[in-house]
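The next block is start_31.txt, given as compact mmCIF, C-alpha atoms.
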```txt
# COMPACT_ATOMS: atom_id res chain seq x y z
CA MET A 1 -0.28 20.44 -4.29
CA THR A 2 -4.04 20.87 -4.60
CA SER A 3 -6.76 18.32 -5.04
CA GLY A 4 -10.42 18.36 -5.89
CA LYS A 5 -13.44 17.72 -3.74
CA ILE A 6 -13.29 14.28 -2.13
CA GLN A 7 -16.17 12.32 -0.65
CA PHE A 8 -15.69 9.36 1.70
CA GLU A 9 -18.34 6.67 1.99
CA ARG A 10 -18.59 3.65 4.26
CA ARG A 11 -21.07 0.94 3.38
CA GLY A 12 -23.62 0.02 6.00
CA ILE A 13 -23.93 -3.54 7.32
CA GLY A 14 -27.38 -5.12 7.41
CA PRO A 15 -29.95 -2.58 8.62
CA SER A 16 -27.22 -0.16 9.74
CA PRO A 17 -27.01 2.93 7.51
CA GLY A 18 -23.86 3.88 5.69
CA VAL A 19 -21.70 6.90 6.47
CA VAL A 20 -20.69 9.77 4.21
CA GLY A 21 -18.01 12.31 5.13
CA ALA A 22 -15.30 14.64 3.90
CA ARG A 23 -12.35 13.24 5.87
CA PHE A 24 -10.70 9.88 6.44
CA GLY A 25 -11.72 9.94 10.08
CA ASP A 26 -15.38 9.91 9.06
CA VAL A 27 -15.15 6.40 7.60
CA PHE A 28 -11.96 4.81 8.99
CA SER A 29 -12.39 2.82 12.21
CA ASP A 30 -10.80 3.95 15.49
CA TRP A 31 -9.50 7.18 14.00
CA LYS A 32 -7.11 9.15 16.24
CA GLU A 33 -6.84 12.69 14.99
CA GLY A 34 -3.26 13.94 14.82
CA LYS A 35 -1.85 10.47 15.53
CA GLU A 36 -2.34 8.75 12.16
CA SER A 37 0.31 7.57 9.70
CA PHE A 38 -0.32 5.79 6.36
CA LEU A 39 1.96 3.09 4.91
CA PHE A 40 1.52 1.92 1.31
CA PHE A 41 3.17 -1.31 0.16
CA ALA A 42 3.60 -1.16 -3.63
CA PRO A 43 4.81 -4.43 -5.18
CA HIS A 44 5.86 -2.29 -8.16
CA ASP A 45 6.50 1.43 -8.10
CA ASP A 46 3.37 2.48 -10.00
CA ASP A 47 0.85 0.23 -8.20
CA SER A 48 -0.18 2.57 -5.40
CA ALA A 49 -0.51 5.53 -7.76
CA ILE A 50 -2.69 3.50 -10.15
CA SER A 51 -5.00 2.16 -7.46
CA LEU A 52 -4.94 4.84 -4.77
CA GLY A 53 -3.62 8.07 -6.27
CA ILE A 54 -6.64 10.02 -5.02
CA VAL A 55 -6.29 8.55 -1.51
CA ILE A 56 -2.58 9.37 -1.31
CA CYS A 57 -3.01 12.92 -2.56
CA GLU A 58 -5.88 13.59 -0.18
CA ALA A 59 -3.98 12.09 2.77
CA ARG A 60 -1.15 14.54 2.19
CA ARG A 61 -3.62 17.41 1.79
CA GLN A 62 -5.11 16.53 5.17
CA GLY A 63 -1.63 16.52 6.71
CA ILE A 64 -1.37 12.77 7.24
CA PRO A 65 2.18 11.33 6.94
CA VAL A 66 2.51 8.96 3.99
CA ARG A 67 5.28 6.47 3.25
CA VAL A 68 5.39 4.40 0.06
CA VAL A 69 7.42 1.19 0.17
CA VAL A 70 8.33 0.00 -3.34
CA VAL A 71 9.08 -3.71 -3.01
CA THR A 72 10.62 -4.66 -6.38
CA ASP A 73 13.20 -2.97 -8.57
CA GLY A 74 11.14 -3.02 -11.78
CA ARG A 75 13.85 -4.73 -13.81
CA ASN A 76 11.28 -6.61 -15.91
CA GLY A 77 9.40 -3.47 -16.92
CA TYR A 78 11.27 -2.68 -20.14
CA VAL A 79 9.40 -2.52 -23.44
CA SER A 80 12.46 -2.37 -25.70
CA LEU A 81 15.85 -4.06 -25.55
CA ALA A 82 17.51 -0.64 -25.53
CA ASP A 83 15.88 0.06 -22.13
CA ARG A 84 16.80 -3.24 -20.48
CA ASP A 85 20.03 -2.10 -18.85
CA THR A 86 18.72 1.28 -17.67
CA ILE A 87 15.11 0.53 -16.73
CA VAL A 88 15.73 0.17 -12.98
CA GLN A 89 17.19 3.65 -12.55
CA ARG A 90 14.69 5.16 -14.96
CA ARG A 91 11.80 3.80 -12.90
CA VAL A 92 13.31 5.24 -9.74
CA GLU A 93 13.32 8.67 -11.36
CA GLU A 94 9.77 8.18 -12.60
CA THR A 95 8.66 7.16 -9.11
CA TYR A 96 10.02 10.33 -7.53
CA ALA A 97 8.29 12.45 -10.18
CA SER A 98 5.01 10.55 -9.91
CA TYR A 99 4.59 10.63 -6.15
CA GLN A 100 5.78 14.22 -5.93
CA LEU A 101 2.64 15.15 -7.87
CA LEU A 102 0.65 13.33 -5.17
CA GLY A 103 2.42 15.24 -2.39
CA VAL A 104 4.89 12.53 -1.35
CA SER A 105 8.51 13.64 -1.04
CA ALA A 106 11.54 11.56 -2.02
CA GLU A 107 12.34 11.02 1.68
CA GLU A 108 8.97 9.29 2.09
CA ILE A 109 9.66 6.67 -0.59
CA VAL A 110 11.54 3.46 0.28
CA PHE A 111 12.97 1.12 -2.37
CA LEU A 112 13.49 -2.41 -1.05
CA LYS A 113 15.03 -3.54 -4.38
CA PHE A 114 13.80 -7.13 -4.45
CA PRO A 115 14.08 -8.61 -7.98
CA ASP A 116 11.01 -7.91 -10.08
CA GLY A 117 9.07 -11.10 -10.80
CA ASP A 118 10.93 -13.21 -8.22
CA LEU A 119 9.26 -12.46 -4.89
CA GLN A 120 8.14 -16.07 -4.41
CA ASN A 121 11.79 -16.87 -3.65
CA TYR A 122 11.98 -14.27 -0.88
CA TYR A 123 9.24 -15.39 1.49
CA GLY A 124 10.10 -15.22 5.18
CA ARG A 125 13.47 -14.17 6.57
CA ARG A 126 16.95 -15.65 6.19
CA ALA A 127 20.60 -14.72 6.09
CA ALA A 128 21.32 -12.91 2.86
CA LYS A 129 23.33 -14.51 0.09
CA PRO A 130 25.46 -12.60 -2.43
CA GLY A 131 23.19 -10.57 -4.69
CA ASP A 132 20.22 -10.53 -2.28
CA PRO A 133 18.62 -7.31 -1.05
CA THR A 134 20.16 -7.00 2.41
CA ASP A 135 19.46 -4.97 5.52
CA ALA A 136 22.19 -3.50 7.70
CA HIS A 137 22.37 -6.74 9.72
CA GLY A 138 22.85 -9.17 6.82
CA PHE A 139 19.29 -10.47 6.54
CA THR A 140 16.90 -10.63 3.62
CA GLY A 141 13.32 -11.76 2.93
CA LEU A 142 9.99 -10.02 2.58
CA GLU A 143 9.00 -10.57 6.21
CA ASN A 144 12.30 -9.17 7.42
CA HIS A 145 11.98 -5.96 5.43
CA PHE A 146 8.24 -5.58 5.97
CA VAL A 147 8.58 -5.88 9.75
CA ALA A 148 11.21 -3.14 9.71
CA GLU A 149 8.90 -0.84 7.75
CA LEU A 150 5.93 -1.60 10.01
CA ARG A 151 8.07 -0.68 13.03
CA ARG A 152 9.45 2.51 11.49
CA ARG A 153 8.08 5.55 13.31
CA VAL A 154 7.38 9.14 12.30
CA ASN A 155 7.42 12.13 14.64
CA LEU A 156 4.02 13.77 15.06
CA ASN A 157 4.07 16.79 17.34
CA GLY A 158 6.75 15.21 19.51
CA ILE A 159 5.09 11.78 19.53
CA SER A 160 6.70 8.76 17.86
CA VAL A 161 3.99 7.07 15.77
CA ALA A 162 4.21 3.74 13.93
CA PRO A 163 2.01 3.22 10.85
CA THR A 164 -1.65 3.13 11.85
CA ARG A 165 -3.07 2.22 8.41
CA VAL A 166 -1.45 -0.16 5.91
CA PHE A 167 -2.57 -0.37 2.27
CA VAL A 168 -1.87 -3.52 0.21
CA PRO A 169 -3.02 -4.79 -3.22
CA SER A 170 -5.57 -7.59 -3.26
CA SER A 171 -4.33 -11.14 -2.72
CA ALA A 172 -6.37 -12.18 -5.77
CA ASP A 173 -4.33 -10.04 -8.15
CA TYR A 174 -3.11 -11.53 -11.40
CA HIS A 175 0.53 -10.61 -10.84
CA GLN A 176 2.53 -13.08 -8.75
CA ASP A 177 4.47 -10.26 -7.08
CA HIS A 178 1.22 -8.72 -5.85
CA VAL A 179 0.13 -12.08 -4.46
CA ALA A 180 3.47 -12.54 -2.68
CA VAL A 181 3.26 -9.14 -0.99
CA ALA A 182 -0.36 -9.73 0.05
CA ARG A 183 0.52 -13.10 1.57
CA GLN A 184 3.47 -11.74 3.55
CA ILE A 185 1.82 -8.67 5.07
CA PRO A 186 -0.41 -10.39 7.70
CA ILE A 187 2.41 -12.52 9.12
CA SER A 188 4.68 -9.47 9.06
CA ILE A 189 2.13 -7.56 11.13
CA TYR A 190 2.09 -10.46 13.58
CA HIS A 191 5.87 -10.33 13.89
CA ALA A 192 5.90 -6.52 14.14
CA ILE A 193 3.78 -6.59 17.30
CA GLY A 194 5.94 -9.31 18.86
CA GLY A 195 9.46 -9.13 20.21
CA ILE A 196 11.03 -11.23 17.47
CA TRP A 197 13.90 -9.84 15.38
CA PRO A 198 14.95 -6.80 17.43
CA GLU A 199 17.30 -5.85 14.57
CA CYS A 200 14.14 -4.77 12.72
CA GLY A 201 13.35 -2.11 15.31
CA GLN A 202 11.25 -1.67 18.42
CA LYS A 203 8.05 -3.70 18.37
CA ILE A 204 4.79 -1.85 17.87
CA ASP A 205 2.17 -1.72 20.61
CA GLN A 206 -0.84 -2.56 18.44
CA PRO A 207 -1.42 -3.75 14.90
CA PRO A 208 -2.34 -1.23 12.21
CA ARG A 209 -5.62 -1.39 10.34
CA LEU A 210 -5.25 -3.23 7.04
CA TYR A 211 -6.75 -1.98 3.76
CA TRP A 212 -6.91 -4.18 0.66
CA HIS A 213 -7.28 -2.43 -2.70
CA CYS A 214 -7.50 -3.33 -6.38
CA VAL A 215 -4.82 -2.69 -9.00
CA TYR A 216 -5.48 -5.08 -11.89
CA CYS A 217 -8.26 -7.27 -10.51
CA THR A 218 -11.14 -7.40 -8.07
CA LEU A 219 -10.98 -8.59 -4.46
CA PRO A 220 -10.99 -12.34 -3.70
CA ASP A 221 -14.28 -14.19 -4.20
CA GLN A 222 -17.06 -13.27 -1.79
CA GLN A 223 -15.22 -10.16 -0.57
CA GLN A 224 -16.47 -6.65 -1.20
CA PRO A 225 -15.04 -3.23 -0.38
CA ASN A 226 -16.59 -1.41 2.56
CA ILE A 227 -15.12 2.04 1.81
CA ARG A 228 -15.39 4.14 -1.35
CA ILE A 229 -13.47 7.34 -2.05
CA VAL A 230 -15.04 9.52 -4.71
CA GLY A 231 -13.05 12.30 -6.36
CA ASP A 232 -13.95 14.97 -8.88
CA ALA A 233 -12.41 15.94 -12.21
CA ALA A 234 -9.56 17.86 -10.55
CA ALA A 235 -8.61 14.94 -8.29
CA LEU A 236 -8.69 12.57 -11.24
CA GLN A 237 -6.42 14.81 -13.32
CA ILE A 238 -3.78 14.82 -10.59
CA LYS A 239 -3.93 11.03 -10.38
CA LEU A 240 -3.67 10.66 -14.18
CA ALA A 241 -0.70 13.03 -14.29
CA ALA A 242 1.06 11.01 -11.58
CA ILE A 243 0.51 7.74 -13.43
CA GLY A 244 1.62 9.38 -16.66
CA GLU A 245 5.09 9.97 -15.23
CA TYR A 246 5.75 6.26 -15.78
CA ASN A 247 6.31 6.81 -19.47
CA SER A 248 8.77 3.91 -19.68
CA GLN A 249 5.83 1.54 -19.20
CA GLY A 250 4.20 0.65 -22.51
CA GLN A 251 0.85 -0.18 -20.91
CA ILE A 252 0.47 3.16 -19.16
CA ALA A 253 -1.11 5.14 -22.02
CA PRO A 254 -4.03 2.71 -22.54
CA LEU A 255 -4.49 2.51 -18.77
CA ILE A 256 -4.73 6.29 -18.49
CA ASP A 257 -7.29 6.34 -21.32
CA GLN A 258 -9.34 3.75 -19.46
CA LEU A 259 -9.17 5.64 -16.15
CA ARG A 260 -10.04 8.93 -17.85
CA THR A 261 -13.41 7.57 -18.94
CA ALA A 262 -14.11 5.61 -15.74
CA PRO A 263 -15.64 7.11 -12.57
CA PRO A 264 -13.04 8.80 -10.30
CA VAL A 265 -13.53 6.28 -7.50
CA GLU A 266 -11.20 4.14 -5.39
CA TYR A 267 -12.22 1.23 -3.18
CA LEU A 268 -10.87 -0.18 0.07
CA LEU A 269 -11.67 -3.23 2.15
CA GLU A 270 -10.84 -2.35 5.74
CA GLU A 271 -9.94 -5.24 8.02
CA SER A 272 -8.69 -5.44 11.57
CA PHE A 273 -5.81 -7.80 12.24
CA SER A 274 -6.90 -10.69 14.42
CA LEU A 275 -5.65 -14.14 15.39
CA PHE A 276 -7.55 -17.40 15.74
CA SER A 277 -9.30 -17.84 19.07
CA PRO A 278 -10.81 -21.11 20.37
CA GLY A 279 -14.58 -20.86 20.34
CA VAL A 280 -14.79 -18.72 17.22
CA TYR A 281 -16.56 -21.54 15.32
CA ASP A 282 -18.90 -22.64 18.11
CA TYR A 283 -21.81 -20.98 16.32
CA CYS A 284 -21.53 -23.73 13.70
CA PHE A 285 -22.52 -26.30 16.34
CA SER A 286 -25.34 -24.40 18.02
CA SER A 287 -28.61 -26.27 18.00
```
Since I need it in another form, could you write the structure as structure tokens?
Amino acid sequence: MTSGKIQFERRGIGPSPGVVGARFGDVFSDWKEGKESFLFFAPHDDDSAISLGIVICEARRQGIPVRVVVVTDGRNGYVSLADRDTIVQRRVEETYASYQLLGVSAEEIVFLKFPDGDLQNYYGRRAAKPGDPTDAHGFTGLENHFVAELRRRVNLNGISVAPTRVFVPSSADYHQDHVAVARQIPISIYHAIGGIWPECGQKIDQPPRLYWHCVYCTLPDQQQPNIRIVGDAAALQIKLAAIGEYNSQGQIAPLIDQLRTAPPVEYLLEESFSLFSPGVYDYCFSS
């Protein structure tokens, strides 16, 4: 796996100047070299490749562990009746091929197998019913499975490291599955740092940084990205090739044509996870 020249930019705030660098640690907050692990939640298998293919490829080139969690099974992604009964397995094969081009191995891809288009019925956590995606303890629900993934560690030079950066599509996305995943991630982070649900693994010591990105729409109103990743022609070609592996998807070819003529840029809105604290709105009442 090779990639092109990548530039990282962080937008300045107010009079503060921006930052430009060649590595993630130059623009990501609280970077801990050699102790970082990236986790991508993809509502559908192709989402992370479409939005962040350059980021994923460059993370692997820089030696950063990457795990892609595919939330739905893609059963609604068929474009002909002949594909309807085989589309789920076909998309699994396409996913392996796509992310391999970005440097992600099959062992680093997790399929949660929630029904495509039906995530609004899997909020929270509950005992699984027949036909539900189920963990080893008989539970289902987006929060249940997300907490387990947030608590899953990788071994880095003998150190067990939970995900330090989590990447999620914008909550303003047009697709209801994207909205459902975006809504469930913050509460799942809250649960992951608490002691609830020990079946989901050992709680994490601190919350990961959260990065919102755009797949089919912009960020919610009044929100703007604070990080831009700029690739070159070589980086873009790798991304386009990875997206092109999803040849079962009828909308892929026009999407690739659009991306080919657009700038090779990807955007992130970095946020730190925080809870409400009394006094936070006192400035509204200052005389």
- Message: Around the point (-14.7, 8.8, -16.1) (coordinates from the file), which residues reach within 12 Å if we count all atoms listed in the file? Answer as a PyMOL selection string.
- Response: chain A and resi 230-237+240+256-265
Residue selection dump (C-alpha atoms) as a short mmCIF file (atom, residue, chain, number, x, y, z; two decimals), in the frame of the given file:
```
data_model
loop_
_atom_site.label_atom_id
_atom_site.label_comp_id
_atom_site.auth_asym_id
_atom_site.auth_seq_id
_atom_site.Cartn_x
_atom_site.Cartn_y
_atom_site.Cartn_z
CA VAL A 230 -15.04 9.52 -4.71
CA GLY A 231 -13.05 12.30 -6.36
CA ASP A 232 -13.95 14.97 -8.88
CA ALA A 233 -12.41 15.94 -12.21
CA ALA A 234 -9.56 17.86 -10.55
CA ALA A 235 -8.61 14.94 -8.29
CA LEU A 236 -8.69 12.57 -11.24
CA GLN A 237 -6.42 14.81 -13.32
CA LEU A 240 -3.67 10.66 -14.18
CA ILE A 256 -4.73 6.29 -18.49
CA ASP A 257 -7.29 6.34 -21.32
CA GLN A 258 -9.34 3.75 -19.46
CA LEU A 259 -9.17 5.64 -16.15
CA ARG A 260 -10.04 8.93 -17.85
CA THR A 261 -13.41 7.57 -18.94
CA ALA A 262 -14.11 5.61 -15.74
CA PRO A 263 -15.64 7.11 -12.57
CA PRO A 264 -13.04 8.80 -10.30
CA VAL A 265 -13.53 6.28 -7.50
#
```
- Which residue of A:Lys129, A:Lys113, A:Arg153, A:Lys35 approaches Arg67 in chain A most closely, using all atoms listed in the file: A:Arg153
- Distance CA of Tyr96 in chain A-CA of Tyr123 in chain A, one decimal place? 27.3 Å
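Interatomic distance, CA of Val104 in chain A to CA of Ile54 in chain A: 12.4 Å.
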Hey, could you pull the box centre and edge lengths for range 252-259 of chain A, axis-aligned, 3 Å padding per side, all listed atoms, to one decimal in Å, as JSON?
```
{"center_x": -4.4, "center_y": 4.4, "center_z": -19.3, "size_x": 15.8, "size_y": 9.8, "size_z": 12.4}
```
